[in-house]
file final.cif (mmCIF, C-alpha atoms and all ligand atoms)
data_my_file
loop_
_atom_site.label_atom_id
_atom_site.label_comp_id
_atom_site.auth_asym_id
_atom_site.auth_seq_id
_atom_site.Cartn_x
_atom_site.Cartn_y
_atom_site.Cartn_z
CA MET J 1 0.00 0.00 0.00
CA ALA J 2 1.22 3.48 -0.87
CA ALA J 3 2.47 5.78 1.91
CA PRO J 4 -0.34 7.70 3.60
CA THR J 5 -0.90 11.23 2.37
CA ARG J 6 -1.38 14.30 4.55
CA TYR J 7 -5.04 13.79 5.39
CA ASP J 8 -4.86 9.99 5.52
CA VAL J 9 -3.28 10.02 8.97
CA ASP J 10 -5.49 10.27 12.02
CA ARG J 11 -4.47 12.02 15.23
CA GLY J 12 -2.87 8.89 16.67
CA ALA J 13 -0.83 8.27 13.54
CA LEU J 14 0.21 11.91 13.49
CA ALA J 15 1.39 11.64 17.10
CA GLU J 16 3.41 8.58 16.13
CA LEU J 17 4.95 10.36 13.17
CA LEU J 18 5.87 13.23 15.46
CA ASP J 19 7.28 10.81 17.98
CA GLY J 20 9.05 12.67 20.75
CA GLN J 21 7.15 15.93 20.22
CA PRO J 22 5.08 17.15 23.13
CA ARG J 23 1.35 16.66 22.90
CA TYR J 24 0.62 20.36 22.38
CA ARG J 25 2.75 20.25 19.23
CA VAL J 26 0.63 17.43 17.84
CA ASP J 27 -2.45 19.52 18.61
CA GLN J 28 -0.94 22.55 16.90
CA VAL J 29 -0.19 20.59 13.76
CA TRP J 30 -3.62 18.95 13.80
CA SER J 31 -5.41 22.27 14.05
CA GLY J 32 -3.01 23.76 11.50
CA LEU J 33 -4.12 21.10 9.04
CA HIS J 34 -7.84 21.16 9.78
CA GLU J 35 -8.81 24.54 11.22
CA HIS J 36 -6.34 26.74 9.40
CA LEU J 37 -6.08 24.53 6.29
CA ALA J 38 -2.38 25.34 6.39
CA GLU J 39 0.49 23.86 4.44
CA PRO J 40 3.25 22.64 6.76
CA ALA J 41 5.50 25.47 5.50
CA ASP J 42 2.90 28.00 6.69
CA MET J 43 2.58 26.65 10.23
CA THR J 44 4.65 29.48 11.64
CA ASN J 45 3.73 28.57 15.20
CA VAL J 46 5.81 25.38 15.01
CA PRO J 47 9.61 25.27 14.72
CA LEU J 48 11.11 25.36 11.26
CA ALA J 49 12.71 21.93 11.59
CA LEU J 50 9.35 20.41 12.40
CA ARG J 51 7.68 22.19 9.47
CA ARG J 52 10.30 20.66 7.19
CA ARG J 53 9.80 17.22 8.66
CA LEU J 54 6.03 17.51 8.25
CA ALA J 55 6.34 18.44 4.58
CA GLU J 56 8.47 15.34 4.12
CA VAL J 57 6.43 12.77 6.04
CA LEU J 58 3.00 14.13 5.11
CA PRO J 59 3.04 14.67 1.37
CA ASP J 60 0.12 16.26 -0.50
CA ALA J 61 -2.22 13.76 -2.10
CA LEU J 62 -3.17 16.00 -5.01
CA ALA J 63 -0.86 17.56 -7.57
CA LEU J 64 -2.61 20.22 -9.61
CA THR J 65 -2.63 19.31 -13.28
CA THR J 66 -5.12 21.81 -14.70
CA GLU J 67 -7.54 24.40 -13.45
CA ALA J 68 -10.48 25.66 -15.50
CA VAL J 69 -12.79 28.51 -14.55
CA ALA J 70 -16.29 29.24 -15.89
CA ASP J 71 -19.49 31.13 -15.07
CA GLY J 72 -17.63 34.38 -14.42
CA GLY J 73 -15.39 32.80 -11.79
CA ASP J 74 -18.24 31.08 -9.94
CA THR J 75 -17.30 27.57 -11.10
CA VAL J 76 -13.79 26.19 -10.79
CA LYS J 77 -12.76 22.70 -11.90
CA TRP J 78 -9.49 21.09 -10.98
CA LEU J 79 -7.86 18.05 -12.48
CA TRP J 80 -5.50 16.45 -9.97
CA THR J 81 -2.88 13.80 -10.45
CA LEU J 82 -2.50 11.38 -7.55
CA GLY J 83 0.65 9.72 -6.29
CA ASP J 84 0.35 6.75 -8.64
CA GLY J 85 -0.60 8.82 -11.69
CA ALA J 86 -4.37 8.27 -11.46
CA GLN J 87 -6.39 11.43 -12.06
CA VAL J 88 -9.56 12.85 -10.56
CA GLU J 89 -11.54 16.06 -10.80
CA THR J 90 -13.10 18.35 -8.20
CA VAL J 91 -15.58 21.16 -8.87
CA LEU J 92 -16.11 24.20 -6.66
CA MET J 93 -19.26 26.26 -7.15
CA HIS J 94 -19.84 29.66 -5.59
CA TYR J 95 -23.40 30.73 -4.87
CA PRO J 96 -24.37 34.08 -3.36
CA GLN J 97 -24.50 32.88 0.25
CA ARG J 98 -22.27 29.82 0.24
CA SER J 99 -20.01 27.62 -1.80
CA THR J 100 -20.35 23.93 -2.58
CA VAL J 101 -17.67 21.47 -3.54
CA CYS J 102 -18.36 18.38 -5.60
CA VAL J 103 -15.78 15.71 -4.74
CA SER J 104 -14.69 12.49 -6.41
CA SER J 105 -14.66 9.24 -4.45
CA GLN J 106 -13.00 7.03 -7.05
CA ALA J 107 -10.74 7.49 -10.05
CA GLY J 108 -13.17 6.41 -12.75
CA CYS J 109 -16.27 4.38 -11.95
CA ALA J 110 -17.36 0.78 -12.39
CA MET J 111 -21.11 1.47 -12.52
CA ALA J 112 -21.14 1.82 -16.31
CA CYS J 113 -24.06 4.23 -16.70
CA GLY J 114 -23.87 4.85 -20.46
CA PHE J 115 -24.80 8.55 -20.36
CA CYS J 116 -22.12 9.46 -17.80
CA ALA J 117 -18.63 10.42 -18.97
CA THR J 118 -17.02 8.88 -15.88
CA GLY J 119 -18.92 5.64 -16.44
CA GLN J 120 -17.82 5.57 -20.08
CA ALA J 121 -14.17 5.78 -18.99
CA GLY J 122 -14.32 2.77 -16.64
CA PHE J 123 -12.82 2.14 -13.23
CA THR J 124 -9.25 2.93 -12.23
CA ARG J 125 -9.20 2.69 -8.41
CA HIS J 126 -10.77 3.73 -5.12
CA LEU J 127 -9.60 6.96 -3.52
CA THR J 128 -8.30 6.92 0.03
CA SER J 129 -10.09 9.01 2.65
CA GLY J 130 -7.14 11.43 2.62
CA GLU J 131 -7.48 11.92 -1.12
CA ILE J 132 -11.16 12.76 -0.64
CA VAL J 133 -10.61 15.06 2.35
CA GLU J 134 -7.84 16.95 0.61
CA GLN J 135 -10.22 17.87 -2.24
CA VAL J 136 -12.39 19.58 0.37
CA VAL J 137 -9.39 21.30 1.94
CA ARG J 138 -8.22 22.65 -1.44
CA ALA J 139 -11.71 23.90 -2.27
CA SER J 140 -12.14 25.46 1.14
CA ARG J 141 -8.85 27.33 0.82
CA ARG J 142 -9.84 28.58 -2.60
CA ALA J 143 -13.26 29.68 -1.35
CA ARG J 144 -11.57 31.62 1.42
CA ALA J 145 -9.19 33.26 -1.06
CA ASP J 146 -12.23 34.24 -3.17
CA GLY J 147 -13.88 35.83 -0.11
CA ARG J 148 -16.38 32.97 0.13
CA ARG J 149 -17.14 30.24 2.61
CA LEU J 150 -17.28 26.58 1.74
CA ALA J 151 -20.48 25.32 3.33
CA ASN J 152 -21.49 22.17 1.47
CA VAL J 153 -19.84 19.01 0.28
CA VAL J 154 -21.56 16.78 -2.27
CA PHE J 155 -20.16 13.37 -3.22
CA MET J 156 -21.24 13.83 -6.81
CA GLY J 157 -17.91 13.88 -8.59
CA MET J 158 -16.25 10.89 -10.19
CA GLY J 159 -17.00 7.46 -8.81
CA GLU J 160 -19.60 5.70 -6.73
CA PRO J 161 -19.09 6.66 -3.08
CA LEU J 162 -21.02 3.69 -1.68
CA ALA J 163 -18.83 1.29 -3.66
CA ASN J 164 -15.93 2.79 -1.66
CA PHE J 165 -17.82 2.95 1.60
CA ASP J 166 -15.07 2.85 4.21
CA ALA J 167 -12.92 5.59 2.68
CA THR J 168 -16.00 7.68 1.97
CA TRP J 169 -17.22 7.32 5.51
CA ALA J 170 -13.82 8.09 7.03
CA ALA J 171 -13.75 11.24 4.87
CA VAL J 172 -17.25 12.22 5.98
CA ARG J 173 -16.21 11.88 9.63
CA ARG J 174 -13.09 13.96 9.12
CA ILE J 175 -14.97 16.65 7.17
CA HIS J 176 -17.55 16.79 9.93
CA ASP J 177 -15.42 16.34 13.04
CA ASP J 178 -12.30 18.24 12.05
CA LEU J 179 -13.15 20.56 9.16
CA GLY J 180 -16.34 21.46 11.01
CA LEU J 181 -19.03 21.06 8.34
CA GLY J 182 -22.43 20.01 9.65
CA ALA J 183 -23.98 16.67 8.67
CA ARG J 184 -26.91 18.44 7.01
CA HIS J 185 -24.39 20.08 4.68
CA LEU J 186 -22.95 16.77 3.50
CA THR J 187 -24.64 14.81 0.71
CA ILE J 188 -23.79 11.38 -0.58
CA SER J 189 -25.03 10.62 -4.05
CA THR J 190 -25.41 7.02 -5.19
CA VAL J 191 -26.63 4.98 -8.14
CA GLY J 192 -28.52 2.97 -5.53
CA ILE J 193 -26.16 0.50 -3.87
CA VAL J 194 -28.65 -0.89 -1.40
CA PRO J 195 -26.27 -2.37 1.23
CA GLY J 196 -24.40 0.95 1.27
CA ILE J 197 -27.62 2.90 1.80
CA ARG J 198 -28.45 0.60 4.71
CA ARG J 199 -25.02 1.17 6.23
CA LEU J 200 -25.50 4.92 5.84
CA ALA J 201 -28.88 4.67 7.52
CA ALA J 202 -27.29 2.92 10.50
CA ALA J 203 -24.30 5.27 10.74
CA ASP J 204 -23.82 7.64 13.63
CA LEU J 205 -23.98 10.80 11.53
CA PRO J 206 -27.12 11.64 9.55
CA VAL J 207 -25.98 12.87 6.14
CA ASN J 208 -28.21 13.66 3.17
CA LEU J 209 -28.84 10.97 0.62
CA ALA J 210 -29.27 11.63 -3.09
CA VAL J 211 -30.15 8.78 -5.40
CA SER J 212 -29.49 9.00 -9.13
CA LEU J 213 -32.80 7.57 -10.22
CA HIS J 214 -33.26 8.57 -13.90
CA ALA J 215 -36.00 5.98 -14.43
CA ALA J 216 -38.88 4.79 -12.27
CA ASP J 217 -39.60 1.54 -14.07
CA ASP J 218 -37.21 -1.39 -13.90
CA ALA J 219 -36.96 -2.09 -17.63
CA LEU J 220 -35.75 1.42 -18.44
CA ARG J 221 -33.61 1.74 -15.31
CA ASP J 222 -31.91 -1.61 -16.02
CA GLU J 223 -30.71 0.03 -19.22
CA LEU J 224 -29.77 3.48 -17.93
CA VAL J 225 -28.33 2.49 -14.56
CA PRO J 226 -27.13 -1.13 -14.88
CA ILE J 227 -26.79 -1.71 -11.09
CA ASN J 228 -30.62 -1.65 -11.08
CA ARG J 229 -30.48 -5.28 -12.23
CA ARG J 230 -28.97 -6.12 -8.86
CA TYR J 231 -30.96 -3.64 -6.74
CA PRO J 232 -34.28 -3.04 -8.47
CA LEU J 233 -36.62 -0.15 -7.67
CA ALA J 234 -38.73 -1.90 -5.02
CA VAL J 235 -35.66 -2.93 -3.02
CA LEU J 236 -34.14 0.53 -3.50
CA ALA J 237 -37.30 2.18 -2.18
CA GLU J 238 -37.14 0.08 1.00
CA ALA J 239 -33.55 1.08 1.67
CA CYS J 240 -34.36 4.75 1.00
CA ALA J 241 -37.32 4.58 3.37
CA GLU J 242 -35.05 3.15 6.04
CA HIS J 243 -32.57 5.99 5.55
CA VAL J 244 -35.28 8.63 5.83
CA GLU J 245 -36.76 7.00 8.89
CA ARG J 246 -33.50 6.55 10.76
CA THR J 247 -31.80 9.82 9.88
CA GLY J 248 -34.71 12.21 9.47
CA ARG J 249 -32.92 13.66 6.44
CA ARG J 250 -34.70 14.55 3.26
CA LEU J 251 -34.12 12.21 0.38
CA SER J 252 -33.53 13.55 -3.10
CA PHE J 253 -33.68 11.96 -6.51
CA GLU J 254 -31.53 13.08 -9.40
CA TRP J 255 -33.13 12.80 -12.80
CA ALA J 256 -31.14 13.66 -15.93
CA LEU J 257 -33.76 14.36 -18.57
CA ILE J 258 -32.93 12.52 -21.79
CA ASP J 259 -34.85 13.56 -24.88
CA GLY J 260 -37.51 11.01 -25.75
CA VAL J 261 -36.12 8.45 -23.26
CA ASN J 262 -37.23 9.38 -19.74
CA ASP J 263 -39.13 12.65 -20.28
CA ARG J 264 -42.46 11.22 -21.40
CA PRO J 265 -45.73 11.74 -19.50
CA GLN J 266 -45.64 8.13 -18.26
CA ASP J 267 -42.15 8.76 -16.86
CA ALA J 268 -43.44 11.76 -14.93
CA ALA J 269 -46.37 9.73 -13.60
CA ARG J 270 -44.17 6.87 -12.38
CA LEU J 271 -41.57 9.20 -10.91
CA ALA J 272 -44.18 11.28 -9.11
CA ALA J 273 -45.66 8.17 -7.49
CA TYR J 274 -42.25 6.79 -6.50
CA ALA J 275 -41.07 10.11 -5.06
CA ARG J 276 -44.32 10.87 -3.26
CA ASP J 277 -44.26 7.56 -1.39
CA LEU J 278 -40.84 8.46 -0.01
CA ARG J 279 -41.51 12.20 0.31
CA ALA J 280 -38.43 12.71 -1.79
CA HIS J 281 -37.36 15.87 -3.52
CA VAL J 282 -36.75 15.56 -7.25
CA ASN J 283 -33.89 17.44 -8.93
CA LEU J 284 -34.28 17.67 -12.67
CA ILE J 285 -31.37 18.44 -14.93
CA PRO J 286 -31.25 18.21 -18.70
CA LEU J 287 -28.72 15.55 -19.69
CA ASN J 288 -25.33 17.11 -20.32
CA PRO J 289 -23.61 16.10 -23.51
CA THR J 290 -20.84 13.47 -23.26
CA PRO J 291 -18.76 12.04 -26.07
CA GLY J 292 -19.93 8.44 -25.73
CA TYR J 293 -23.70 8.93 -25.64
CA PRO J 294 -25.71 9.83 -28.71
CA THR J 295 -28.95 11.15 -27.21
CA ARG J 296 -29.33 14.80 -26.27
CA GLY J 297 -30.77 16.39 -23.18
CA THR J 298 -34.42 17.41 -23.09
CA PRO J 299 -34.80 20.95 -24.48
CA PRO J 300 -35.89 23.70 -22.04
CA GLU J 301 -39.61 23.63 -22.91
CA GLY J 302 -39.65 19.87 -22.34
CA VAL J 303 -37.93 20.29 -18.99
CA GLU J 304 -40.57 22.81 -17.93
CA ARG J 305 -43.41 20.58 -19.12
CA PHE J 306 -41.95 17.62 -17.18
CA ARG J 307 -41.54 19.78 -14.08
CA GLN J 308 -45.17 20.87 -14.28
CA GLU J 309 -46.36 17.30 -14.74
CA LEU J 310 -44.51 16.27 -11.60
CA ALA J 311 -45.64 19.26 -9.57
CA GLY J 312 -49.21 18.71 -10.74
CA ARG J 313 -49.01 15.18 -9.33
CA GLY J 314 -47.89 16.42 -5.95
CA ALA J 315 -44.15 15.79 -6.22
CA ASN J 316 -41.57 18.16 -4.82
CA VAL J 317 -39.43 19.26 -7.72
CA THR J 318 -36.78 21.76 -8.76
CA VAL J 319 -34.87 22.22 -11.97
CA ARG J 320 -31.19 22.22 -11.14
CA ASP J 321 -29.03 25.08 -12.16
CA THR J 322 -26.48 23.91 -14.75
CA ARG J 323 -22.94 24.91 -14.02
CA GLY J 324 -19.65 24.49 -15.76
CA THR J 325 -20.90 23.00 -19.05
CA SER J 326 -18.36 25.04 -21.01
CA ILE J 327 -15.44 23.51 -19.08
CA ASP J 328 -16.91 19.98 -18.94
CA ALA J 329 -17.48 20.44 -15.23
CA ALA J 330 -21.23 19.81 -15.30
CA CYS J 331 -22.96 16.74 -13.86
CA GLY J 332 -21.82 13.57 -15.51
CA GLN J 333 -19.10 15.27 -17.54
CA LEU J 334 -16.17 14.57 -15.25
CA ALA J 335 -13.71 12.39 -17.12
CA ALA J 336 -10.04 12.73 -16.42
CA ALA J 337 -9.60 10.42 -19.42
CA ALA J 338 -9.53 13.57 -21.56
CA VAL J 339 -5.89 13.32 -20.53
CA PRO J 340 -4.70 9.70 -20.77
CA THR J 341 -4.95 8.09 -17.35
CA PRO J 342 -2.55 5.30 -16.47
CA ARG J 343 -4.67 2.28 -15.66
CA ARG J 344 -3.93 0.31 -12.56
CA ARG J 345 -1.69 -2.58 -13.48
CA PRO J 346 -3.55 -5.77 -12.58
CA ARG J 347 -1.98 -7.78 -9.81
CA PRO J 348 -2.24 -11.57 -10.05
CA ALA J 349 -5.06 -11.57 -7.48
CA ASP J 350 -7.14 -9.29 -9.71
CA GLU J 351 -7.02 -11.45 -12.78
CA GLY J 352 -10.34 -12.66 -14.02
CA ARG J 353 -12.25 -10.33 -11.75
CA GLY J 354 -14.64 -7.87 -13.35
CA GLY J 355 -14.30 -4.15 -12.56
N1 LIG J 401 -22.08 7.56 -8.62
C1 LIG J 401 -22.82 8.56 -7.88
C2 LIG J 401 -22.06 9.83 -7.82
C3 LIG J 401 -21.89 10.52 -9.17
S1 LIG J 401 -22.91 11.89 -9.09
C4 LIG J 401 -24.18 8.73 -8.47
O1 LIG J 401 -24.42 8.18 -9.53
O2 LIG J 401 -25.03 9.35 -7.86
C5 LIG J 401 -23.07 12.43 -10.66
C6 LIG J 401 -24.53 12.79 -10.95
O3 LIG J 401 -24.58 13.24 -12.28
C7 LIG J 401 -25.43 11.58 -10.86
O4 LIG J 401 -26.72 11.97 -10.46
C8 LIG J 401 -25.43 11.13 -12.28
O5 LIG J 401 -26.49 10.28 -12.59
C9 LIG J 401 -25.50 12.45 -13.00
N2 LIG J 401 -25.08 12.39 -14.38
C10 LIG J 401 -24.25 11.49 -14.93
N3 LIG J 401 -24.08 11.77 -16.24
C11 LIG J 401 -24.83 12.85 -16.50
C12 LIG J 401 -25.05 13.62 -17.67
N4 LIG J 401 -24.45 13.31 -18.82
N5 LIG J 401 -25.86 14.69 -17.56
C13 LIG J 401 -26.44 15.01 -16.40
N6 LIG J 401 -26.26 14.33 -15.26
C14 LIG J 401 -25.47 13.25 -15.32
#

call {"tool": "encode", "arguments": {"input": "final.cif", "output": "structure tokens"}}
result
Amino acid sequence: MAAPTRYDVDRGALAELLDGQPRYRVDQVWSGLHEHLAEPADMTNVPLALRRRLAEVLPDALALTTEAVADGGDTVKWLWTLGDGAQVETVLMHYPQRSTVCVSSQAGCAMACGFCATGQAGFTRHLTSGEIVEQVVRASRRARADGRRLANVVFMGMGEPLANFDATWAAVRRIHDDLGLGARHLTISTVGIVPGIRRLAAADLPVNLAVSLHAADDALRDELVPINRRYPLAVLAEACAEHVERTGRRLSFEWALIDGVNDRPQDAARLAAYARDLRAHVNLIPLNPTPGYPTRGTPPEGVERFRQELAGRGANVTVRDTRGTSIDAACGQLAAAAVPTPRRRPRPADEGRGG
């Protein structure tokens, strides 16, 4: 296993690394990393020799490869290269009152949703919790530099967070406990991995759950979101109900409107019924264009008609603001494969196993 990166170490591991330093030094470094979001070199309250040692033993997880800015500076996308050459993207969005960061949980994704650029590129590897947390730290620093405040974290970047549950959960804890973001400001988005939803429901921190639904009948969803074959809609609904019941958090459904595919009146009727039963909020977004998927997003008048059909049937619905389309930073467009990504070399134990 690769050496831990800066935010992969917990307080105990940090104390061990700083063996021989008094406890208050460990505390200073810990709060330097999490409260002040400081680089070791900038921790001017600790001795220079220690700053140097920290920079050495706690390397950054993310090396900046490219930055792209859109929407008049309100959307920033970063492409990072990780220690082993894998690449992931992070998107920061400024809104008038707050900023939101969209983080990746895996390099690539194994869920194979055909309309999603990350899905088209395939799976490279899971991220570690430190690689996830550091995306939040970088975004938070940038928000601060822009005179903003990072208030929300959404696990809606590359990858399926519930297929990388342990690292995702460790990151959630760190973001909550040490970076100080409230559980109601953290949202995990999933294709609908039912055991993961059940683990979330039982966890000790009630975070928001978003499910990428896109179809409310099994035949269509089997096609759009292949994991539906394993966890069909009825089973998914039970897990969602359990999450709502145990956490008290509002559930939301993501629905990328695809022209002529899932924007028909019968789709609205099925979705409205499914969402109403769970008192879920529906977020509509016209499908963003990706290279590997031929069908276009529903045009604006169709989006409005679909919204009205849902609202008329008593569903809670909003049309999501599209951000970052011009820099391929919009939903479903994240694909580090625009730059060739070194694939993980298979180890003997991996042979013959599907992604
Ligand atoms: N794997 C998780 C996290 C990724 S979130 C999940 O599926 O929820 C990315 C969101 O963008 C998901 O709701 C996904 O379905 C949606 N999405 C994917 N491709 C898209 C596209 N081309 N246009 C609009 N939304 C898309």

call {"tool": "atom_distance", "arguments": {"input": "final.cif", "atom1": "CA of Ala145 (chain J)", "atom2": "CA of Gly180 (chain J)"}}
result
18.3 Å

call {"tool": "residues_around", "arguments": {"input": "final.cif", "residues": "His126 (chain J)", "least_positions_apart": "4", "cutoff": "7 Å", "atoms": "only C-alpha atoms", "output": "VMD selection string"}}
result
chain J and resid 105 to 107 164

call {"tool": "residues_near_ligand", "arguments": {"input": "final.cif", "ligand": "ligand LIG 401 (chain J)", "cutoff": "7 Å", "atoms": "only C-alpha atoms and all ligand atoms", "output": "list in words"}}
result
Phe115, Cys116, Ala117, Phe155, Met156, Gly157, Met158, Gly159, Glu160, Pro161, Ser189, Thr190, Val191, Ala210, Val211, Ser212, Glu254, Trp255, Ala256, Ile285, Pro286, Leu287, Asn288, Pro289, Thr290, Cys331, Gly332 and Gln333 of chain J

call {"tool": "closest_residue", "arguments": {"input": "final.cif", "among": "J:Ala336, J:His94, J:Arg246, J:Trp169", "to": "Gln120 (chain J)", "atoms": "all atoms listed in the file"}}
result
J:Ala336

call {"tool": "residues_around", "arguments": {"input": "final.cif", "residues": "region 37-49 of chain J", "least_positions_apart": "2", "cutoff": "9 Å", "atoms": "only C-alpha atoms", "output": "list in words"}}
result
Arg25, Gln28, Val29, Ser31, Gly32, Leu33, His34, Glu35, Arg51, Arg52, Arg53, Leu54, Ala55, Leu58, Val137, Arg138, Ser140, Arg141 and Leu179 of chain J

call {"tool": "closest_residue", "arguments": {"input": "final.cif", "among": "J:Asp178, J:Asp277, J:Glu134, J:Asp10", "to": "Leu251 (chain J)", "atoms": "all atoms listed in the file"}}
result
J:Asp277

call {"tool": "residues_around", "arguments": {"input": "final.cif", "residues": "Ala234 (chain J)", "least_positions_apart": "3", "cutoff": "12 Å", "atoms": "only C-alpha atoms", "output": "VMD selection string"}}
result
chain J and resid 192 194 216 to 218 228 to 231 237 to 241 274 277 to 278

call {"tool": "closest_residue", "arguments": {"input": "final.cif", "among": "J:Gly72, J:Gly302, J:Gly312, J:Pro195", "to": "Leu284 (chain J)", "atoms": "all atoms listed in the file"}}
result
J:Gly302

call {"tool": "atom_distance", "arguments": {"input": "final.cif", "atom1": "CA of Val88 (chain J)", "atom2": "CA of Pro4 (chain J)"}}
result
17.7 Å

call {"tool": "build_atoms", "arguments": {"input": "final.cif", "residues": "region 246-260 of chain J", "atoms": "N, CA, C and O atoms", "output": "PDB file, in the coordinates of the input"}}
result
ATOM      1  N   ARG J 246     -34.517   6.569   9.718  1.00  0.00           N
ATOM      2  CA  ARG J 246     -33.500   6.550  10.760  1.00  0.00           C
ATOM      3  C   ARG J 246     -32.727   7.841  10.896  1.00  0.00           C
ATOM      4  O   ARG J 246     -32.198   8.134  11.956  1.00  0.00           O
ATOM      5  N   THR J 247     -32.611   8.603   9.809  1.00  0.00           N
ATOM      6  CA  THR J 247     -31.800   9.820   9.880  1.00  0.00           C
ATOM      7  C   THR J 247     -32.641  11.094   9.963  1.00  0.00           C
ATOM      8  O   THR J 247     -32.146  12.141  10.370  1.00  0.00           O
ATOM      9  N   GLY J 248     -33.888  11.019   9.516  1.00  0.00           N
ATOM     10  CA  GLY J 248     -34.710  12.210   9.470  1.00  0.00           C
ATOM     11  C   GLY J 248     -34.300  13.181   8.367  1.00  0.00           C
ATOM     12  O   GLY J 248     -34.822  14.288   8.278  1.00  0.00           O
ATOM     13  N   ARG J 249     -33.369  12.778   7.523  1.00  0.00           N
ATOM     14  CA  ARG J 249     -32.920  13.660   6.440  1.00  0.00           C
ATOM     15  C   ARG J 249     -33.828  13.514   5.235  1.00  0.00           C
ATOM     16  O   ARG J 249     -34.382  12.443   4.987  1.00  0.00           O
ATOM     17  N   ARG J 250     -33.906  14.601   4.468  1.00  0.00           N
ATOM     18  CA  ARG J 250     -34.700  14.550   3.260  1.00  0.00           C
ATOM     19  C   ARG J 250     -33.938  13.781   2.185  1.00  0.00           C
ATOM     20  O   ARG J 250     -32.727  13.904   2.045  1.00  0.00           O
ATOM     21  N   LEU J 251     -34.696  12.997   1.461  1.00  0.00           N
ATOM     22  CA  LEU J 251     -34.120  12.210   0.380  1.00  0.00           C
ATOM     23  C   LEU J 251     -34.285  12.996  -0.915  1.00  0.00           C
ATOM     24  O   LEU J 251     -35.311  13.649  -1.106  1.00  0.00           O
ATOM     25  N   SER J 252     -33.293  12.941  -1.789  1.00  0.00           N
ATOM     26  CA  SER J 252     -33.530  13.550  -3.100  1.00  0.00           C
ATOM     27  C   SER J 252     -33.203  12.573  -4.216  1.00  0.00           C
ATOM     28  O   SER J 252     -32.384  11.663  -4.061  1.00  0.00           O
ATOM     29  N   PHE J 253     -33.908  12.760  -5.313  1.00  0.00           N
ATOM     30  CA  PHE J 253     -33.680  11.960  -6.510  1.00  0.00           C
ATOM     31  C   PHE J 253     -33.137  12.850  -7.608  1.00  0.00           C
ATOM     32  O   PHE J 253     -33.655  13.931  -7.846  1.00  0.00           O
ATOM     33  N   GLU J 254     -32.079  12.372  -8.244  1.00  0.00           N
ATOM     34  CA  GLU J 254     -31.530  13.080  -9.400  1.00  0.00           C
ATOM     35  C   GLU J 254     -32.142  12.441 -10.650  1.00  0.00           C
ATOM     36  O   GLU J 254     -32.274  11.214 -10.741  1.00  0.00           O
ATOM     37  N   TRP J 255     -32.510  13.294 -11.570  1.00  0.00           N
ATOM     38  CA  TRP J 255     -33.130  12.800 -12.800  1.00  0.00           C
ATOM     39  C   TRP J 255     -32.589  13.608 -13.961  1.00  0.00           C
ATOM     40  O   TRP J 255     -32.926  14.775 -14.125  1.00  0.00           O
ATOM     41  N   ALA J 256     -31.697  12.997 -14.734  1.00  0.00           N
ATOM     42  CA  ALA J 256     -31.140  13.660 -15.930  1.00  0.00           C
ATOM     43  C   ALA J 256     -32.131  13.428 -17.063  1.00  0.00           C
ATOM     44  O   ALA J 256     -32.361  12.284 -17.471  1.00  0.00           O
ATOM     45  N   LEU J 257     -32.726  14.497 -17.543  1.00  0.00           N
ATOM     46  CA  LEU J 257     -33.760  14.360 -18.570  1.00  0.00           C
ATOM     47  C   LEU J 257     -33.145  14.099 -19.936  1.00  0.00           C
ATOM     48  O   LEU J 257     -32.379  14.914 -20.452  1.00  0.00           O
ATOM     49  N   ILE J 258     -33.490  12.943 -20.496  1.00  0.00           N
ATOM     50  CA  ILE J 258     -32.930  12.520 -21.790  1.00  0.00           C
ATOM     51  C   ILE J 258     -34.064  12.558 -22.815  1.00  0.00           C
ATOM     52  O   ILE J 258     -35.118  11.930 -22.620  1.00  0.00           O
ATOM     53  N   ASP J 259     -33.819  13.297 -23.874  1.00  0.00           N
ATOM     54  CA  ASP J 259     -34.850  13.560 -24.880  1.00  0.00           C
ATOM     55  C   ASP J 259     -35.480  12.274 -25.418  1.00  0.00           C
ATOM     56  O   ASP J 259     -34.794  11.427 -25.987  1.00  0.00           O
ATOM     57  N   GLY J 260     -36.783  12.153 -25.203  1.00  0.00           N
ATOM     58  CA  GLY J 260     -37.510  11.010 -25.750  1.00  0.00           C
ATOM     59  C   GLY J 260     -37.267   9.698 -25.016  1.00  0.00           C
ATOM     60  O   GLY J 260     -37.832   8.675 -25.375  1.00  0.00           O
TER      61      GLY J 260
END
